[in-house]
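Chemist: This is the structure I have questions about; it appears just below.
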Amino acid sequence: MRYLFRRFQRLVVVMVSVTFLTFLLVNVLPGDVAYEMAGMDSSEEEVQAIRDELGLDRNVVLRYLDWAGGILTGDWGASFINKEEVWHALAQRFPVSLELMLLAQLIALSLAVPMGLISAYRPGGRADRVIGTLAFASVSMPSFMTAILLIFFFSLHLGWLPATGYEPLSAGLWENLRPMILPALALGLVEWTVLMRTLRAEMIGVLQENYIALARAKGMSDARILLVHALRPSSFSMITLLGLQVGRLMGGSIIIEQIFGIPGIGRLLVHAVNTRDFIMIQGCVTLFAIAFVTANFLVDIAYAWLDPRVRLERARG
Amino acid sequence: MADITPDRLEGSSAGAPDDNADAIASHNRKNRLGLGFWIPLAWLAVVVAAAVFADFLGLFPADEIDWMHINEGPNDAHILGTDHLGRDMLSRIIYGARVSLTVGFAAPLIGVGLGLVLGILAGYYKGWVDEVIGIAIDTWLAIPGLVILLLFSVVFGGSLGMVCLSLGLLFIPTAARITRAATLNHSNREFVLAARAMGASDFRILTVEVLPNIIWPLIAFVLIDIPIAIVIEGALSFLGLSVKAPTPSWGGVIAEGREHLEGSPHISLIPTAVMFMTVLSFNLVGDAIRKRLADVRDGAI
């Protein structure tokens with residue numbers, strides 16, 4: 001419990017510094033938003049009026065405190081450009097990005113776990129070497145390149161899946177999943193290798209333990225040993241990675257959403273950056289940071305829950 | 001960054017203290033540099049040479065527009081074909097290699113250098129210095145790398161130097177963590193205490209006593225980071241946020257070809273293949289060197 005409390009304290013400090021940092025950064029973005037809002041042929045007074053209204057002339061720290069207070073009370077502000085409520089925009093797009101990332105991670109896991117098991121079963125064997133080579137190849141293939149190849153083969157060449165577009169879940173499960181398959185594949189095909197290698201390395205160690213030897217001596221089948229006895233104690237590092245990967249997934253989803261025309265947070269952010277929509281950028285980054293920090297906090301909890309030894313050790317340390 | 005743990009675990013299981021000459025001999029044979037090292041190295045040599053001597057290769061200018069020959073596939077005049085503006089693909093790819101390679105080498109060096117300084121300070125002074133640097137690093141990690149780059153590219157513009165610098169910043173956290181752990185390990189060893197007892201300054205202790213002991217994992221880390229930097233630069237220029245438009249870059253060329261994937265797929269697919277082979281080669285070569293370094297450290301050679 002004390003361990004979790006300390007983690008939580010750190011989490012709050014990190015959140016504050018992340019948001020303040022982005023606030024500073026966003027504030028030095030070139031281009032005066034007041035000018036853009038006032039329009040081409042506006043007088044200096046009109047521009048100044050907008051500045052006053054938005055409070056752009058006030059000290060950055062004061063404005064940050066204002067904004068942070070708003071976040072805590074659920075008021076994320078409204079876009080300078082089209083007056084859309086930031087919270088509304090985020091709430092609308094977040095599920096889309098979340099679906100994409102979950103699907104990608106699902107694909108990555110469903111590749112990584114079997115491949116990792118097979119590799120660890122006979123390290124250095126033929127299967128291990130083939131999988132190792134595959135992993136090397138796909139780690140050298142960034143998601144935007146995979147995306148191009150997937151579109152080329154599956155959309156243009158074979159015509160099986162759409163190259164762009166998004167359908168809400170209300171249009172039906174398959175209609176919703178169909179345009180998501182290629183983007184999720186493009187993301188997942190990069191991420192699986194790290195998970196696989198981690199699982200493999202940890203499992204090779206676990207397979208040397210005495211209780212595995214005992215299970216073998218009892219005549220238990222290899223499949224049962226791997227799946228029932230070795231998988232759980234081998235998956236801790238992989239679970240930690242799942243949390244850390246959230247950051248990479250979010251980065252990757254920005255590009256993938258752009259390529260496949262998926263209306264998620266990533267596209268919202270790129271659009272906001274291009275239109276200098278400060279408050280929207282700030283909202284997107286804050287949401288990203290919250291998601292990342294929360295995911296890792298959850299992983300920490302899961303970790304302690306899976307392995308009681310960790311719980312005790314960390315509480316002491 | 002995640003690559004580090006598994007390999008270290010592997011290393012410890014493979015290089016178990018088995019004081020048996022046979023085992024060491026077979027271990028060496030397994031790690032001898034084979035074709036999997038020399039072929040990628042040869043490819044990298046070709047790419048680097050082409051990028052360095054691009055001006056003397058008699059190429060078409062990379063931004064020469066030729067409306068008479070647009071979207072042409074590979075032919076006699078244009079070995080790799082032309083893009084949607086009739087520009088020569090081969091020269092665009094070679095000049096693009098300049099950007100990718102510059103970023104690939106510069107960014108990891110910048111990041112690891114800065115990470116080294118932060119990590120060594122945190123590990124040596126501990127206490128509040130460690131705490132502050134720790135929070136700074138956590139903060140940095142909590143913003144997805146691409147988001148940082150997105151903001152930086154708008155704030156500081158897309159010059160090559162800025163791209164190198166802002167990409168380099170992304171490598172700080174992991175480098176700092178590795179350094180910090182290694183420094184913690186060494187800063188209470190006898191030789192450090194001896195140096196301090198002899199009145200050596202902190203600066204001298206850190207540079208002369210501690211640094212040589214912690215530099216190897218960092219060099220390995222730079223090797224891992226080179227292909228990563230190339231990939232991220234590719235992603236950035238794919239989004240149009242790296243170097244400015246007429247300057248070709250691999251990601252940019254791939255992105256431009258995206259519109260013509262149906263009719264002339266070579267515009268996207270050829271640079272994709274080149275970039276893939278380069279990144280793969282860096283990975284393979286880096287991995288082989290890294291294993292060698294680990295062997296040297298473990299005393300296997």
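In the structure tokens, each chain is lettered A, B, ... as it comes, each chain's residues begin at 1, and ligands are numbered from 1 in order of appearance.
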Determine which residues of stretch 101-233 of chain B receive a DSSP assignment of alpha helix (DSSP H), computed from the backbone, and state them as JSON, numbers by chain.
Modeler: {"B": [101, 102, 103, 104, 105, 106, 107, 108, 109, 110, 111, 112, 113, 114, 115, 116, 117, 118, 119, 120, 121, 122, 123, 124, 125, 127, 128, 129, 130, 131, 132, 133, 134, 135, 136, 137, 138, 139, 140, 141, 142, 145, 146, 147, 148, 149, 150, 151, 152, 153, 154, 155, 156, 160, 161, 162, 163, 164, 165, 166, 167, 168, 169, 172, 173, 174, 175, 176, 177, 178, 179, 180, 181, 182, 183, 184, 185, 186, 190, 191, 192, 193, 194, 195, 196, 197, 202, 203, 204, 211, 212, 213, 214, 215, 216, 217, 218, 219, 220, 221, 222, 223, 224, 225, 226, 227, 228, 229, 230, 231, 232, 233]}
Chemist: Give me, as a CSV table (one decimal) with C-alpha atoms, in the first residue's frame, all polymer residues having an atom no more than 9 Å from A:Asp300, counting only C-alpha atoms and skipping those fewer than 4 positions away in the same chain.
Modeler:
chain,number,residue,atom,x,y,z
A,4,LEU,CA,1.4,2.4,-4.3
A,7,ARG,CA,4.0,5.8,-6.9
A,240,THR,CA,5.8,-4.0,-17.6
A,243,GLY,CA,2.6,-0.3,-20.1
A,295,ALA,CA,-1.5,2.7,-18.0
A,296,ASN,CA,1.8,2.4,-16.2
A,304,ALA,CA,2.2,-6.4,-7.5
A,305,TRP,CA,-1.0,-8.4,-7.7
Chemist: Report as CSV: every residue of chain A with an atom at most 7 Å from chain B, its closest pair of atoms, and their distance in Å to one decimal, counting only C-alpha atoms, with rows sorted by chain and ascending residue number.
Modeler:
residue,atom,partner,partner_atom,distance
A:Val14,CA,B:Thr139,CA,5.2
A:Ser17,CA,B:Thr139,CA,6.4
A:Val18,CA,B:Thr139,CA,5.5
A:Val28,CA,B:Val155,CA,6.8
A:Leu29,CA,B:Val155,CA,4.9
A:Pro30,CA,B:Val155,CA,6.2
A:Ala137,CA,B:Leu280,CA,6.5
A:Ser140,CA,B:Leu280,CA,5.1
A:Met141,CA,B:Phe276,CA,6.0
A:Pro142,CA,B:Val231,CA,6.3
A:Phe144,CA,B:Ala235,CA,6.8
A:Met145,CA,B:Thr272,CA,6.4
A:Phe152,CA,B:Leu261,CA,6.7
A:Leu156,CA,B:Glu262,CA,6.4
A:Val194,CA,B:Ala2,CA,6.8
A:Arg197,CA,B:Pro6,CA,6.4
A:Thr198,CA,B:Pro6,CA,5.2
A:Ala201,CA,B:Pro6,CA,5.2
A:Gly247,CA,B:Pro144,CA,5.0
A:Arg248,CA,B:Pro144,CA,6.5
A:Met250,CA,B:Pro144,CA,6.6
A:Gly251,CA,B:Leu146,CA,5.0
A:Phe288,CA,B:Ile143,CA,6.9
A:Ala289,CA,B:Ala142,CA,5.3
A:Phe292,CA,B:Ala142,CA,6.1
A:Val293,CA,B:Ala142,CA,6.4
Chemist: Near B:Ala195, counting only C-alpha atoms, which residues have an atom at most 12 Å away, once you skip same-chain residues fewer than 5 positions from it, shown as a list in words?
Modeler: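 Here the answer would be Ser187, Asn188, Arg189, Glu190, Ala200, Ser201, Asp202, Phe203, Arg204, Ile205, Leu206, Thr207, Val208, Glu209 and Val210 of chain B.
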Chemist: Suppose we keep C-alpha atoms; can you now write the selection as a CSV table (one decimal), in the first residue's frame?
Modeler:
chain,number,residue,atom,x,y,z
B,187,SER,CA,30.7,5.2,-7.1
B,188,ASN,CA,31.2,3.4,-3.8
B,189,ARG,CA,33.9,1.0,-5.1
B,190,GLU,CA,37.3,1.0,-3.5
B,200,ALA,CA,40.8,14.1,-6.2
B,201,SER,CA,38.0,16.5,-7.1
B,202,ASP,CA,34.5,15.2,-8.0
B,203,PHE,CA,35.1,16.1,-11.6
B,204,ARG,CA,38.3,14.1,-11.7
B,205,ILE,CA,36.7,11.2,-10.0
B,206,LEU,CA,33.8,11.2,-12.4
B,207,THR,CA,35.8,11.6,-15.6
B,208,VAL,CA,38.9,9.5,-14.8
B,209,GLU,CA,37.6,6.8,-12.4
B,210,VAL,CA,33.9,6.3,-13.1
Chemist: From the options B:Arg92, B:Arg98, B:Arg292, B:His84, which residue's atoms come nearest to B:Glu72, counting only C-alpha atoms?
Modeler: B:His84
Chemist: Which value, in Å to one decimal, gives the distance between atom CA of B:Arg87 and atom CA of B:Glu64?
Modeler: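 Taking atom CA of B:Arg87 as the start and atom CA of B:Glu64 as the end point, the length is 5.7 Å.
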